[in-house]
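Reproduced below: entry25.txt, with compact mmCIF, C-alpha atoms and all ligand atoms.
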```
# COMPACT_ATOMS: atom_id res chain seq x y z
CA MET A 1 -58.20 -58.42 -38.47
CA ALA A 2 -61.14 -58.84 -40.85
CA PRO A 3 -64.26 -60.20 -39.13
CA PRO A 4 -65.23 -63.79 -39.99
CA PRO A 5 -68.09 -64.35 -42.44
CA LEU A 6 -71.56 -64.77 -41.01
CA ASP A 7 -71.90 -68.30 -39.61
CA SER A 8 -75.10 -69.47 -41.29
CA ASP A 9 -75.45 -72.65 -39.24
CA TYR A 10 -75.24 -70.64 -36.05
CA VAL A 11 -77.71 -68.05 -37.37
CA ARG A 12 -80.19 -70.67 -38.50
CA SER A 13 -80.07 -72.53 -35.19
CA PHE A 14 -81.92 -69.56 -33.63
CA PHE A 15 -84.99 -69.84 -35.85
CA PRO A 16 -87.26 -72.76 -34.89
CA ALA A 17 -89.45 -72.28 -37.97
CA LEU A 18 -86.53 -72.77 -40.38
CA ASN A 19 -86.32 -76.14 -41.96
CA ASP A 20 -83.95 -77.39 -44.64
CA SER A 21 -86.78 -79.01 -46.56
CA TRP A 22 -88.02 -75.59 -47.73
CA ALA A 23 -86.54 -72.16 -48.30
CA PHE A 24 -88.42 -69.17 -46.96
CA MET A 25 -88.26 -66.22 -49.37
CA GLU A 26 -91.22 -64.06 -48.38
CA ASN A 27 -89.31 -62.27 -45.65
CA ALA A 28 -90.34 -58.81 -46.83
CA GLY A 29 -93.87 -59.85 -45.90
CA GLY A 30 -92.76 -60.85 -42.41
CA SER A 31 -89.58 -62.45 -41.15
CA LEU A 32 -89.28 -65.49 -38.91
CA VAL A 33 -88.39 -64.94 -35.27
CA PRO A 34 -85.45 -66.25 -33.24
CA HIS A 35 -86.22 -68.32 -30.16
CA THR A 36 -84.97 -65.44 -27.98
CA VAL A 37 -88.06 -63.43 -29.00
CA ILE A 38 -90.44 -66.32 -28.46
CA GLU A 39 -88.95 -66.92 -25.02
CA ALA A 40 -89.11 -63.25 -24.02
CA VAL A 41 -92.81 -63.02 -25.00
CA SER A 42 -93.60 -66.29 -23.30
CA ALA A 43 -91.66 -65.38 -20.14
CA TYR A 44 -93.47 -62.05 -19.87
CA MET A 45 -96.86 -63.73 -20.24
CA SER A 46 -96.05 -66.53 -17.81
CA GLU A 47 -94.24 -64.47 -15.21
CA CYS A 48 -95.51 -60.89 -15.12
CA GLN A 49 -98.53 -60.24 -17.35
CA VAL A 50 -100.02 -57.57 -15.07
CA GLN A 51 -100.75 -53.85 -15.37
CA PRO A 52 -97.19 -52.53 -15.62
CA GLY A 53 -98.14 -49.16 -14.18
CA ASP A 54 -98.76 -50.62 -10.71
CA ASN A 55 -96.29 -50.59 -7.85
CA ALA A 56 -96.08 -54.25 -6.89
CA ALA A 57 -92.79 -56.04 -7.55
CA ILE A 58 -94.39 -58.08 -10.34
CA ALA A 59 -95.51 -54.85 -12.07
CA ARG A 60 -92.06 -53.34 -11.70
CA ASP A 61 -90.69 -56.47 -13.33
CA ALA A 62 -93.17 -56.07 -16.21
CA ARG A 63 -92.19 -52.43 -16.59
CA GLN A 64 -88.51 -53.28 -16.61
CA ARG A 65 -88.99 -55.91 -19.35
CA MET A 66 -90.97 -53.48 -21.48
CA SER A 67 -88.25 -50.86 -21.00
CA ALA A 68 -85.68 -53.40 -22.19
CA GLY A 69 -87.73 -53.89 -25.38
CA GLN A 70 -88.05 -50.14 -25.84
CA ALA A 71 -84.28 -49.78 -25.35
CA THR A 72 -83.62 -52.46 -27.98
CA ALA A 73 -85.87 -50.74 -30.54
CA ALA A 74 -84.17 -47.42 -29.80
CA ALA A 75 -80.66 -48.90 -30.11
CA MET A 76 -81.60 -50.42 -33.47
CA LEU A 77 -82.04 -46.83 -34.67
CA ASN A 78 -79.39 -45.09 -32.55
CA ALA A 79 -82.22 -43.12 -30.96
CA ALA A 80 -83.07 -42.39 -27.33
CA PRO A 81 -85.82 -44.61 -25.84
CA ASP A 82 -88.22 -41.66 -25.39
CA GLU A 83 -87.89 -40.78 -29.09
CA VAL A 84 -89.28 -44.16 -30.13
CA ILE A 85 -92.97 -45.05 -30.31
CA ILE A 86 -93.78 -48.76 -30.36
CA GLY A 87 -97.19 -48.98 -31.99
CA PRO A 88 -99.21 -51.75 -33.61
CA SER A 89 -97.71 -51.40 -37.09
CA THR A 90 -96.03 -48.94 -39.42
CA THR A 91 -99.33 -48.19 -41.13
CA ARG A 92 -100.95 -47.28 -37.81
CA ASN A 93 -97.94 -45.26 -36.70
CA VAL A 94 -98.03 -43.21 -39.93
CA GLN A 95 -101.75 -42.67 -39.40
CA THR A 96 -101.16 -41.40 -35.87
CA LEU A 97 -98.39 -39.13 -37.12
CA ALA A 98 -100.49 -37.74 -39.97
CA ILE A 99 -103.37 -36.95 -37.63
CA ALA A 100 -101.02 -35.36 -35.12
CA MET A 101 -99.26 -33.24 -37.76
CA ARG A 102 -102.51 -32.19 -39.41
CA SER A 103 -103.33 -29.42 -36.99
CA GLY A 104 -99.96 -27.78 -37.68
CA PHE A 105 -100.58 -27.55 -41.43
CA ARG A 106 -102.29 -24.64 -43.18
CA GLU A 107 -104.48 -24.73 -46.25
CA ASN A 108 -102.38 -25.12 -49.42
CA ASP A 109 -99.35 -26.36 -47.52
CA GLU A 110 -97.73 -29.08 -49.58
CA ILE A 111 -96.67 -32.65 -48.87
CA VAL A 112 -94.55 -34.66 -51.28
CA VAL A 113 -95.19 -38.40 -51.54
CA THR A 114 -93.78 -40.90 -54.04
CA ASN A 115 -95.10 -43.48 -56.43
CA LEU A 116 -92.35 -45.84 -55.25
CA ASP A 117 -93.51 -46.21 -51.66
CA HIS A 118 -95.74 -48.79 -50.07
CA GLU A 119 -99.19 -47.31 -49.33
CA ALA A 120 -98.27 -47.04 -45.64
CA ASN A 121 -96.28 -43.89 -46.39
CA ASN A 122 -98.76 -42.69 -49.02
CA ASN A 123 -102.36 -43.20 -48.11
CA HIS A 124 -102.60 -41.25 -44.85
CA TRP A 125 -100.66 -38.33 -46.32
CA ARG A 126 -102.68 -38.23 -49.54
CA ARG A 127 -105.85 -38.19 -47.46
CA LEU A 128 -104.82 -34.82 -46.05
CA ARG A 129 -106.11 -33.41 -49.35
CA GLU A 130 -109.49 -33.57 -47.63
CA HIS A 131 -108.08 -31.04 -45.14
CA GLY A 132 -106.89 -28.56 -47.77
CA LEU A 133 -103.33 -29.83 -48.18
CA ARG A 134 -101.78 -30.07 -51.63
CA ILE A 135 -100.17 -33.38 -52.46
CA ARG A 136 -97.32 -33.58 -54.94
CA GLU A 137 -96.02 -36.86 -56.30
CA TRP A 138 -92.32 -37.50 -56.72
CA GLN A 139 -92.21 -40.07 -59.49
CA VAL A 140 -89.72 -42.81 -60.26
CA ASN A 141 -87.79 -42.99 -63.48
CA PRO A 142 -89.87 -45.68 -65.25
CA GLU A 143 -86.72 -47.30 -66.69
CA THR A 144 -84.95 -47.86 -63.37
CA ALA A 145 -87.85 -47.65 -60.89
CA GLU A 146 -85.64 -45.22 -58.97
CA LEU A 147 -86.32 -41.82 -57.45
CA GLU A 148 -83.90 -39.12 -58.60
CA SER A 149 -83.16 -36.00 -56.61
CA GLY A 150 -83.30 -33.95 -59.83
CA THR A 151 -87.03 -34.62 -60.08
CA LEU A 152 -87.58 -33.79 -56.41
CA GLU A 153 -86.04 -30.32 -56.56
CA PRO A 154 -88.75 -28.73 -58.76
CA LEU A 155 -91.41 -30.06 -56.35
CA LEU A 156 -89.94 -28.21 -53.37
CA ASN A 157 -91.03 -24.66 -52.63
CA GLU A 158 -91.79 -22.40 -49.69
CA ARG A 159 -95.11 -24.18 -49.08
CA THR A 160 -93.53 -27.66 -48.81
CA ARG A 161 -93.85 -28.95 -45.25
CA LEU A 162 -93.05 -32.63 -45.52
CA VAL A 163 -91.44 -35.10 -47.94
CA CYS A 164 -92.35 -38.76 -47.43
CA PHE A 165 -90.17 -41.41 -49.04
CA SER A 166 -88.65 -44.78 -48.30
CA HIS A 167 -85.16 -45.88 -47.37
CA CYS A 168 -85.61 -48.83 -49.70
CA SER A 169 -88.39 -50.14 -51.91
CA ASN A 170 -90.20 -53.32 -50.84
CA ILE A 171 -90.48 -54.14 -54.57
CA THR A 172 -87.10 -53.35 -56.10
CA GLY A 173 -84.85 -53.60 -53.03
CA GLY A 174 -83.26 -50.39 -54.31
CA PRO A 175 -81.97 -47.97 -51.66
CA ASN A 176 -82.51 -44.21 -51.59
CA PRO A 177 -79.74 -41.87 -50.39
CA VAL A 178 -81.68 -40.76 -47.33
CA ARG A 179 -79.05 -38.46 -45.91
CA GLU A 180 -78.55 -36.51 -49.15
CA ILE A 181 -82.27 -36.21 -49.87
CA THR A 182 -82.96 -35.17 -46.28
CA ALA A 183 -80.34 -32.42 -46.53
CA LEU A 184 -82.02 -31.16 -49.71
CA VAL A 185 -85.44 -31.18 -48.05
CA HIS A 186 -84.17 -29.45 -44.91
CA ALA A 187 -82.54 -26.77 -47.06
CA ALA A 188 -86.01 -26.14 -48.50
CA GLY A 189 -87.39 -25.72 -44.96
CA ALA A 190 -89.38 -28.97 -44.85
CA GLN A 191 -89.23 -32.20 -42.86
CA VAL A 192 -88.90 -35.84 -43.95
CA CYS A 193 -90.80 -38.98 -43.00
CA ILE A 194 -88.91 -42.11 -43.98
CA ASP A 195 -90.42 -45.55 -44.41
CA GLY A 196 -87.52 -47.79 -43.40
CA VAL A 197 -89.53 -51.01 -43.29
CA ALA A 198 -87.81 -52.65 -46.27
CA MET A 199 -84.33 -51.56 -45.19
CA ALA A 200 -84.27 -52.19 -41.43
CA PRO A 201 -83.84 -55.99 -41.67
CA HIS A 202 -80.68 -55.51 -43.73
CA VAL A 203 -78.56 -52.66 -42.36
CA SER A 204 -78.02 -50.84 -39.11
CA ILE A 205 -79.98 -47.61 -39.09
CA ASP A 206 -78.59 -44.44 -37.59
CA VAL A 207 -81.26 -41.77 -37.43
CA ARG A 208 -78.78 -39.24 -36.05
CA GLU A 209 -76.38 -39.73 -38.90
CA LEU A 210 -79.23 -39.60 -41.42
CA ASP A 211 -80.62 -36.52 -39.62
CA VAL A 212 -84.19 -37.60 -40.40
CA ASP A 213 -87.23 -36.09 -38.72
CA TYR A 214 -89.31 -39.28 -38.64
CA TYR A 215 -88.26 -42.85 -39.41
CA LEU A 216 -90.45 -45.96 -39.23
CA PHE A 217 -89.92 -49.69 -39.44
CA SER A 218 -91.84 -52.86 -38.65
CA LEU A 219 -90.38 -55.13 -35.99
CA TYR A 220 -92.18 -58.14 -37.39
CA LYS A 221 -90.12 -57.87 -40.58
CA THR A 222 -86.97 -57.36 -38.52
CA PHE A 223 -87.00 -60.64 -36.58
CA GLY A 224 -89.28 -59.33 -33.85
CA PRO A 225 -92.94 -59.47 -32.80
CA HIS A 226 -95.82 -57.93 -34.74
CA LEU A 227 -95.22 -54.26 -33.91
CA GLY A 228 -94.18 -51.05 -35.65
CA VAL A 229 -91.53 -48.59 -34.47
CA MET A 230 -91.66 -44.86 -35.15
CA TYR A 231 -88.77 -42.53 -34.35
CA GLY A 232 -89.25 -38.78 -34.21
CA LYS A 233 -86.75 -36.10 -33.27
CA ARG A 234 -87.44 -35.21 -29.66
CA GLU A 235 -88.31 -31.58 -30.39
CA HIS A 236 -90.88 -32.71 -32.99
CA LEU A 237 -92.48 -35.24 -30.64
CA LEU A 238 -92.69 -32.64 -27.89
CA SER A 239 -94.36 -30.11 -30.16
CA LEU A 240 -96.90 -32.46 -31.79
CA PRO A 241 -100.34 -32.51 -30.15
CA GLY A 242 -100.87 -35.66 -28.08
CA GLN A 243 -103.12 -38.39 -29.49
CA TYR A 244 -103.81 -40.31 -26.28
CA PHE A 245 -106.03 -39.09 -23.41
CA HIS A 246 -106.41 -35.42 -22.48
CA PHE A 247 -104.56 -35.91 -19.19
CA HIS A 248 -101.40 -37.23 -20.85
CA ALA A 249 -99.04 -34.29 -20.57
CA GLU A 250 -97.57 -32.73 -23.70
CA ASP A 251 -94.09 -33.69 -22.53
CA ASP A 252 -95.12 -37.30 -21.89
CA ILE A 253 -93.23 -38.77 -24.83
CA PRO A 254 -93.43 -41.28 -26.38
CA LEU A 255 -96.71 -42.27 -24.68
CA LYS A 256 -98.78 -39.25 -25.74
CA LEU A 257 -98.29 -40.31 -29.39
CA ASN A 258 -99.19 -43.95 -28.80
CA PRO A 259 -102.96 -44.07 -28.28
CA GLY A 260 -103.81 -47.21 -26.35
CA ALA A 261 -100.16 -47.66 -25.24
CA PRO A 262 -97.86 -50.33 -26.63
CA ASN A 263 -98.68 -54.02 -26.56
CA HIS A 264 -97.07 -55.17 -23.33
CA GLU A 265 -95.87 -58.68 -24.02
CA LEU A 266 -94.68 -57.91 -27.54
CA THR A 267 -92.81 -54.81 -26.41
CA ALA A 268 -91.12 -56.99 -23.78
CA GLY A 269 -90.47 -59.58 -26.50
CA THR A 270 -88.62 -56.97 -28.56
CA ALA A 271 -85.73 -57.37 -26.12
CA GLY A 272 -85.38 -60.84 -27.67
CA VAL A 273 -84.27 -59.20 -30.94
CA GLY A 274 -81.51 -57.50 -28.97
CA ALA A 275 -80.60 -60.80 -27.30
CA TYR A 276 -80.34 -62.41 -30.74
CA LEU A 277 -78.14 -59.63 -32.15
CA ASP A 278 -76.00 -59.83 -28.99
CA ALA A 279 -75.59 -63.58 -29.43
CA LEU A 280 -74.44 -63.01 -33.03
CA ALA A 281 -71.99 -60.37 -31.82
CA GLY A 282 -70.64 -62.70 -29.12
CA HIS A 283 -70.27 -65.57 -31.59
CA HIS A 284 -68.48 -63.61 -34.33
CA PHE A 285 -66.33 -61.11 -32.43
CA ASN A 286 -63.73 -61.71 -29.72
CA GLU A 287 -64.52 -58.36 -28.23
CA PRO A 288 -68.00 -57.19 -29.15
CA SER A 289 -68.55 -53.55 -28.33
CA SER A 290 -70.01 -52.81 -24.89
CA ASP A 291 -72.33 -50.29 -26.55
CA ALA A 292 -75.50 -51.81 -28.04
CA VAL A 293 -75.65 -49.43 -31.02
CA THR A 294 -72.08 -50.28 -32.02
CA ARG A 295 -72.63 -53.99 -31.38
CA TYR A 296 -75.68 -54.07 -33.63
CA ARG A 297 -73.71 -52.16 -36.25
CA GLN A 298 -70.95 -54.81 -36.10
CA VAL A 299 -73.52 -57.55 -36.61
CA PHE A 300 -75.25 -55.75 -39.47
CA ASP A 301 -71.88 -55.33 -41.21
CA LEU A 302 -71.63 -59.13 -41.30
CA ILE A 303 -75.23 -59.39 -42.44
CA ARG A 304 -74.63 -56.88 -45.23
CA ASP A 305 -71.65 -58.82 -46.60
CA HIS A 306 -73.55 -62.09 -46.48
CA GLU A 307 -76.62 -60.61 -48.19
CA SER A 308 -74.57 -58.83 -50.78
CA ALA A 309 -73.15 -62.21 -51.88
CA LEU A 310 -76.73 -63.57 -52.11
CA CYS A 311 -77.70 -60.56 -54.24
CA ASP A 312 -74.80 -61.04 -56.62
CA ARG A 313 -75.61 -64.72 -57.00
CA PHE A 314 -79.23 -64.13 -57.89
CA LEU A 315 -78.60 -61.07 -60.07
CA SER A 316 -75.85 -62.83 -62.06
CA TRP A 317 -78.30 -65.63 -62.81
CA ALA A 318 -81.08 -63.15 -63.72
CA ALA A 319 -78.75 -61.25 -66.07
CA ASP A 320 -78.50 -64.39 -68.24
CA HIS A 321 -82.25 -65.01 -68.36
CA SER A 322 -84.05 -62.74 -70.75
CA ARG A 323 -87.51 -64.05 -69.77
CA ILE A 324 -86.99 -62.65 -66.27
CA ARG A 325 -87.91 -58.97 -66.17
CA LEU A 326 -86.60 -57.61 -62.91
CA VAL A 327 -88.15 -54.40 -61.56
CA GLY A 328 -85.30 -52.03 -60.77
CA ARG A 329 -81.64 -52.54 -61.48
CA ARG A 330 -80.57 -55.85 -62.97
CA ARG A 331 -76.88 -55.64 -62.47
CA ALA A 332 -74.95 -57.48 -59.80
CA GLY A 333 -72.69 -55.47 -57.49
CA ASN A 334 -75.43 -52.92 -56.87
CA ALA A 335 -74.09 -51.88 -53.48
CA GLY A 336 -76.51 -51.09 -50.69
CA ARG A 337 -79.53 -52.83 -52.19
CA ALA A 338 -81.62 -55.24 -50.16
CA PRO A 339 -81.87 -58.87 -51.34
CA THR A 340 -85.46 -58.34 -52.46
CA PHE A 341 -86.10 -59.33 -56.07
CA SER A 342 -89.35 -58.66 -57.89
CA PHE A 343 -89.84 -59.79 -61.44
CA THR A 344 -92.26 -60.93 -64.07
CA ILE A 345 -91.64 -63.93 -66.28
CA ASP A 346 -92.35 -63.43 -69.97
CA GLY A 347 -95.35 -65.50 -71.03
CA MET A 348 -96.43 -66.49 -67.53
CA ALA A 349 -98.87 -64.95 -65.05
CA SER A 350 -97.08 -63.93 -61.85
CA GLN A 351 -99.98 -65.31 -59.81
CA ARG A 352 -99.16 -68.84 -61.00
CA VAL A 353 -95.56 -68.80 -59.85
CA PRO A 354 -95.73 -69.07 -56.02
CA ALA A 355 -97.55 -72.42 -56.17
CA LEU A 356 -95.03 -73.73 -58.71
CA LEU A 357 -92.19 -72.59 -56.46
CA GLU A 358 -93.83 -74.04 -53.37
CA SER A 359 -94.05 -77.45 -55.03
CA ARG A 360 -90.25 -77.18 -55.31
CA GLY A 361 -89.76 -76.22 -51.67
CA ILE A 362 -89.62 -72.44 -51.96
CA VAL A 363 -92.00 -69.99 -50.32
CA ALA A 364 -92.28 -66.74 -52.30
CA GLY A 365 -95.11 -64.33 -53.06
CA ALA A 366 -96.85 -62.62 -55.96
CA GLY A 367 -98.91 -59.47 -56.13
CA ASP A 368 -98.48 -55.73 -55.74
CA PHE A 369 -97.36 -55.94 -52.09
CA TYR A 370 -99.35 -52.78 -51.37
CA ALA A 371 -97.07 -50.79 -53.66
CA PRO A 372 -99.19 -50.78 -56.84
CA ARG A 373 -98.07 -47.32 -57.94
CA VAL A 374 -94.53 -48.38 -58.77
CA LEU A 375 -95.78 -51.36 -60.75
CA GLU A 376 -98.08 -49.13 -62.77
CA ALA A 377 -95.25 -46.60 -63.28
CA THR A 378 -93.00 -49.31 -64.71
CA GLY A 379 -95.65 -50.75 -67.03
CA ILE A 380 -96.61 -53.83 -65.00
CA ASP A 381 -100.20 -54.93 -64.63
CA SER A 382 -100.69 -54.44 -60.89
CA ALA A 383 -103.63 -56.87 -60.86
CA ASP A 384 -101.29 -59.73 -61.76
CA GLY A 385 -98.33 -58.09 -60.05
CA VAL A 386 -94.80 -59.37 -59.71
CA VAL A 387 -93.23 -62.46 -58.25
CA ARG A 388 -91.23 -61.40 -55.19
CA CYS A 389 -88.42 -63.38 -53.63
CA SER A 390 -87.18 -61.54 -50.57
CA LEU A 391 -84.22 -62.86 -48.64
CA VAL A 392 -82.65 -62.03 -45.31
CA HIS A 393 -79.45 -63.09 -43.59
CA TYR A 394 -80.66 -66.57 -42.62
CA ASN A 395 -81.04 -67.45 -46.28
CA THR A 396 -78.07 -69.17 -47.87
CA ALA A 397 -76.28 -69.41 -51.21
CA ASP A 398 -77.64 -72.98 -51.52
CA GLU A 399 -81.15 -71.62 -51.21
CA VAL A 400 -80.48 -69.06 -53.95
CA ASP A 401 -79.32 -71.94 -56.14
CA ARG A 402 -82.44 -73.87 -55.25
CA LEU A 403 -84.50 -70.85 -56.31
CA THR A 404 -82.72 -70.34 -59.62
CA MET A 405 -82.92 -74.06 -60.45
CA ALA A 406 -86.63 -74.02 -59.66
CA LEU A 407 -87.16 -70.98 -61.88
CA ASP A 408 -85.17 -72.66 -64.67
CA ALA A 409 -87.40 -75.72 -64.40
CA ILE A 410 -90.63 -73.67 -64.29
CA MET A 411 -89.61 -71.70 -67.38
CA ALA A 412 -88.54 -74.86 -69.22
CA GLU A 413 -91.99 -76.36 -68.61
CA SER A 414 -93.97 -73.41 -69.87
C1 LIG A 501 -92.00 -50.91 -47.34
C2 LIG A 501 -93.16 -51.15 -46.43
N1 LIG A 501 -93.65 -50.14 -45.74
C3 LIG A 501 -94.68 -50.29 -44.88
C4 LIG A 501 -95.27 -51.51 -44.71
C5 LIG A 501 -96.43 -51.62 -43.77
O1 LIG A 501 -95.99 -52.15 -42.56
P1 LIG A 501 -97.05 -52.57 -41.45
O2 LIG A 501 -97.58 -53.89 -41.84
O3 LIG A 501 -96.21 -52.63 -40.19
O4 LIG A 501 -98.08 -51.53 -41.39
C6 LIG A 501 -94.81 -52.60 -45.42
C7 LIG A 501 -95.47 -53.91 -45.27
O5 LIG A 501 -95.39 -54.77 -46.13
C8 LIG A 501 -93.72 -52.43 -46.29
O6 LIG A 501 -93.22 -53.44 -47.00
```

Is it possible to give me this structure as structure tokens?
Amino acid sequence: MAPPPLDSDYVRSFFPALNDSWAFMENAGGSLVPHTVIEAVSAYMSECQVQPGDNAAIARDARQRMSAGQATAAAMLNAAPDEVIIGPSTTRNVQTLAIAMRSGFRENDEIVVTNLDHEANNNHWRRLREHGLRIREWQVNPETAELESGTLEPLLNERTRLVCFSHCSNITGGPNPVREITALVHAAGAQVCIDGVAMAPHVSIDVRELDVDYYLFSLYKTFGPHLGVMYGKREHLLSLPGQYFHFHAEDDIPLKLNPGAPNHELTAGTAGVGAYLDALAGHHFNEPSSDAVTRYRQVFDLIRDHESALCDRFLSWAADHSRIRLVGRRRAGNAGRAPTFSFTIDGMASQRVPALLESRGIVAGAGDFYAPRVLEATGIDSADGVVRCSLVHYNTADEVDRLTMALDAIMAES
């Protein structure tokens, strides 16, 4: 039997910050959190905010709650808990990884980065130039703002050590075929580092199936607390030099790659994301899977169908509006894309638009969203940037209509 559609009323009842008087569409900047997360953080702080390494019962309780958060983050990726580092943010996790990998690189080794990615998966790698590395840029097709494997192949050679790219752009919402590109990179003898930040709120991620070496996402954009998650294949994590104190053993993963250790209450709060996904599974399926990875996958299948309808609704409207210049593919039915829409409006500065939208009850953003390279590559002035409306599964078709009506009105007035 086909699963029921996502029950929006049920979904929305979990998010205390949601309010029908306004529509939140800056989710790619940071999503709202369900009450399960708020309660898990609050419970940790009220009941067991102690040093979790101690032996007292209260410390064991703290440790157990942090492990539950770690297990949730791992299950969201189909990884083992010790393969997952919960650090302060994706940017900081990439920095830690780049510093750790640095000592294994030789002069003139090459790293491929893209002009599609957010700076988080660019800046720390490009800086390795200062250490004798050669940086090659895999560039988007300026017409589609997409990366093509045909332009990656000539960049790969026997000196290539790492290829850094994203699962999905935080500007265009366009997905990259991670598995295929990873296979190409592995065949060339190099590793991949995937920025999954813009994709993780929308689909279930399976790092084993993708066969990636490193994969990162930000919990605070995936309905959780302000943290970043970094997966690495166990053999890579074991072989990287530790970045914490000298007495942390080289097999002490993931801790040795998390200088300062994870934030305690927020790691515990991450279990609240799992509790939310579990509640959705229980609500929509008579027999949710007993395995967390499969359960989350079931829920994300519902989310994908719901979001794909939102995408089609917005893209069909945009296709009829020639003043809207969407970055990336315009057409509806673009399977696998995230409901993140960035555009400029002919004859209007992007920076003006968020305030005009806010006066009509819509929260959206404008700027380069720390991905200026793709704007420049597609001929957009990165100083003015794009308007970005980024949706997640708690957004509704009515909200998309509210957005398109607001944009119609704004364009009619200018
Ligand atoms: C695609 C993408 N990657 C990385 C980041 C950086 O994440 P963090 O804030 O966790 O460092 C962002 C943040 O906007 C992003 O959108």

Subject >> Non-local contacts of Phe217 (chain A) (12 Å; only C-alpha atoms; under 4 positions in same chain excluded) as a PyMOL selection string >> reply: chain A and resi 28+30+73-74+76-77+84-94+120-121+166-168+170+193-202+204-205+207+221-224+226-231

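Of note, CA of Val299 (chain A) and atom O4 of ligand LIG 501 (chain A) are spaced 25.7 Å apart.
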
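Close contacts of region 58-64 of chain A, defined as residues with an atom at most 10 Å away when counting only C-alpha atoms, with chain neighbours fewer than 5 positions off set aside, comprise Tyr44, Met45, Glu47, Cys48, Gln49, Val50, Gln51, Pro52, Gly53, Gly69, Gln70, His264, Glu265 and Ala268 of chain A.
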
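CA of Gln351 (chain A) lies 12.4 Å from CA of Phe369 (chain A).
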
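Of the listed residues (A:Phe343, A:Tyr220, A:Phe247, A:Phe165), A:Tyr220 comes nearest to Gly269 (chain A); the distances count all atoms listed in the file.
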
Subject >> Within 12 Å of Pro16 (chain A) using all atoms listed in the file, minus same-chain residues under 2 positions, as a ChimeraX atom specification >> reply: /A:11-14,18-20,32-39,394

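The nearest approach to ligand LIG 501 (chain A) among the residues A:Glu399, A:Asp368, A:Glu158, A:Asp82, with all atoms listed in the file taken into account, belongs to A:Asp368.
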
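A straight line drawn from CA of Ala80 (chain A) to CA of Tyr296 (chain A) is 15.2 Å long.
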
Original post:
Of the residues A:Ser316, A:Asn122, A:Ser218, A:Ser414, which is the one nearest to ligand LIG 501 (chain A), using all atoms listed in the file?
Top reply: A:Ser218

Subject >> Given all atoms listed in the file as the counted atoms, nearest of A:Pro241, A:Pro175, A:Pro5, A:Gly361 to Ala338 (chain A) >> reply: A:Pro175

Subject >> Top pick for closest residue to Phe105 (chain A), considering A:Asn55, A:Ser67, A:Asn123, A:Thr160 and counting all atoms listed in the file >> reply: A:Thr160

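With all atoms listed in the file as the atoms that count, the residue of A:Ala2, A:Leu147, A:Val192, A:Leu255 with the shortest distance to Leu216 (chain A) is A:Val192.
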
**OP:** Would you kindly return, as a ChimeraX atom specification, each protein, DNA or RNA residue with an atom no farther than 8 Å from any atom of Gln243 (chain A), considering only C-alpha atoms and excluding same-chain residues fewer than 5 positions away?
**Re:** /A:96,100,256-259

Where atoms are missing, can you supply N, CA and C atoms for region 294-305 of chain A and output the lot as an mmCIF file, in the coordinates of the input?
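Contents of result34.cif, freshly written:
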```
data_model
loop_
_atom_site.group_PDB
_atom_site.id
_atom_site.type_symbol
_atom_site.label_atom_id
_atom_site.label_comp_id
_atom_site.auth_asym_id
_atom_site.auth_seq_id
_atom_site.Cartn_x
_atom_site.Cartn_y
_atom_site.Cartn_z
ATOM 1 N N THR A 294 -73.272 -49.863 -31.280
ATOM 2 C CA THR A 294 -72.080 -50.280 -32.020
ATOM 3 C C THR A 294 -72.096 -51.785 -32.251
ATOM 4 N N ARG A 295 -72.558 -52.529 -31.240
ATOM 5 C CA ARG A 295 -72.630 -53.990 -31.380
ATOM 6 C C ARG A 295 -73.560 -54.377 -32.523
ATOM 7 N N TYR A 296 -74.733 -53.742 -32.563
ATOM 8 C CA TYR A 296 -75.680 -54.070 -33.630
ATOM 9 C C TYR A 296 -75.085 -53.695 -34.982
ATOM 10 N N ARG A 297 -74.332 -52.594 -34.993
ATOM 11 C CA ARG A 297 -73.710 -52.160 -36.250
ATOM 12 C C ARG A 297 -72.699 -53.220 -36.714
ATOM 13 N N GLN A 298 -71.926 -53.756 -35.750
ATOM 14 C CA GLN A 298 -70.950 -54.810 -36.100
ATOM 15 C C GLN A 298 -71.673 -56.002 -36.730
ATOM 16 N N VAL A 299 -72.787 -56.382 -36.116
ATOM 17 C CA VAL A 299 -73.520 -57.550 -36.610
ATOM 18 C C VAL A 299 -74.097 -57.253 -38.005
ATOM 19 N N PHE A 300 -74.652 -56.068 -38.163
ATOM 20 C CA PHE A 300 -75.250 -55.750 -39.470
ATOM 21 C C PHE A 300 -74.186 -55.612 -40.564
ATOM 22 N N ASP A 301 -72.954 -55.319 -40.192
ATOM 23 C CA ASP A 301 -71.880 -55.330 -41.210
ATOM 24 C C ASP A 301 -71.698 -56.745 -41.757
ATOM 25 N N LEU A 302 -71.742 -57.733 -40.862
ATOM 26 C CA LEU A 302 -71.630 -59.130 -41.300
ATOM 27 C C LEU A 302 -72.826 -59.513 -42.176
ATOM 28 N N ILE A 303 -73.991 -59.079 -41.714
ATOM 29 C CA ILE A 303 -75.230 -59.390 -42.440
ATOM 30 C C ILE A 303 -75.168 -58.789 -43.852
ATOM 31 N N ARG A 304 -74.697 -57.558 -43.926
ATOM 32 C CA ARG A 304 -74.630 -56.880 -45.230
ATOM 33 C C ARG A 304 -73.725 -57.651 -46.200
ATOM 34 N N ASP A 305 -72.568 -58.094 -45.710
ATOM 35 C CA ASP A 305 -71.650 -58.820 -46.600
ATOM 36 C C ASP A 305 -72.270 -60.135 -47.068
#
```
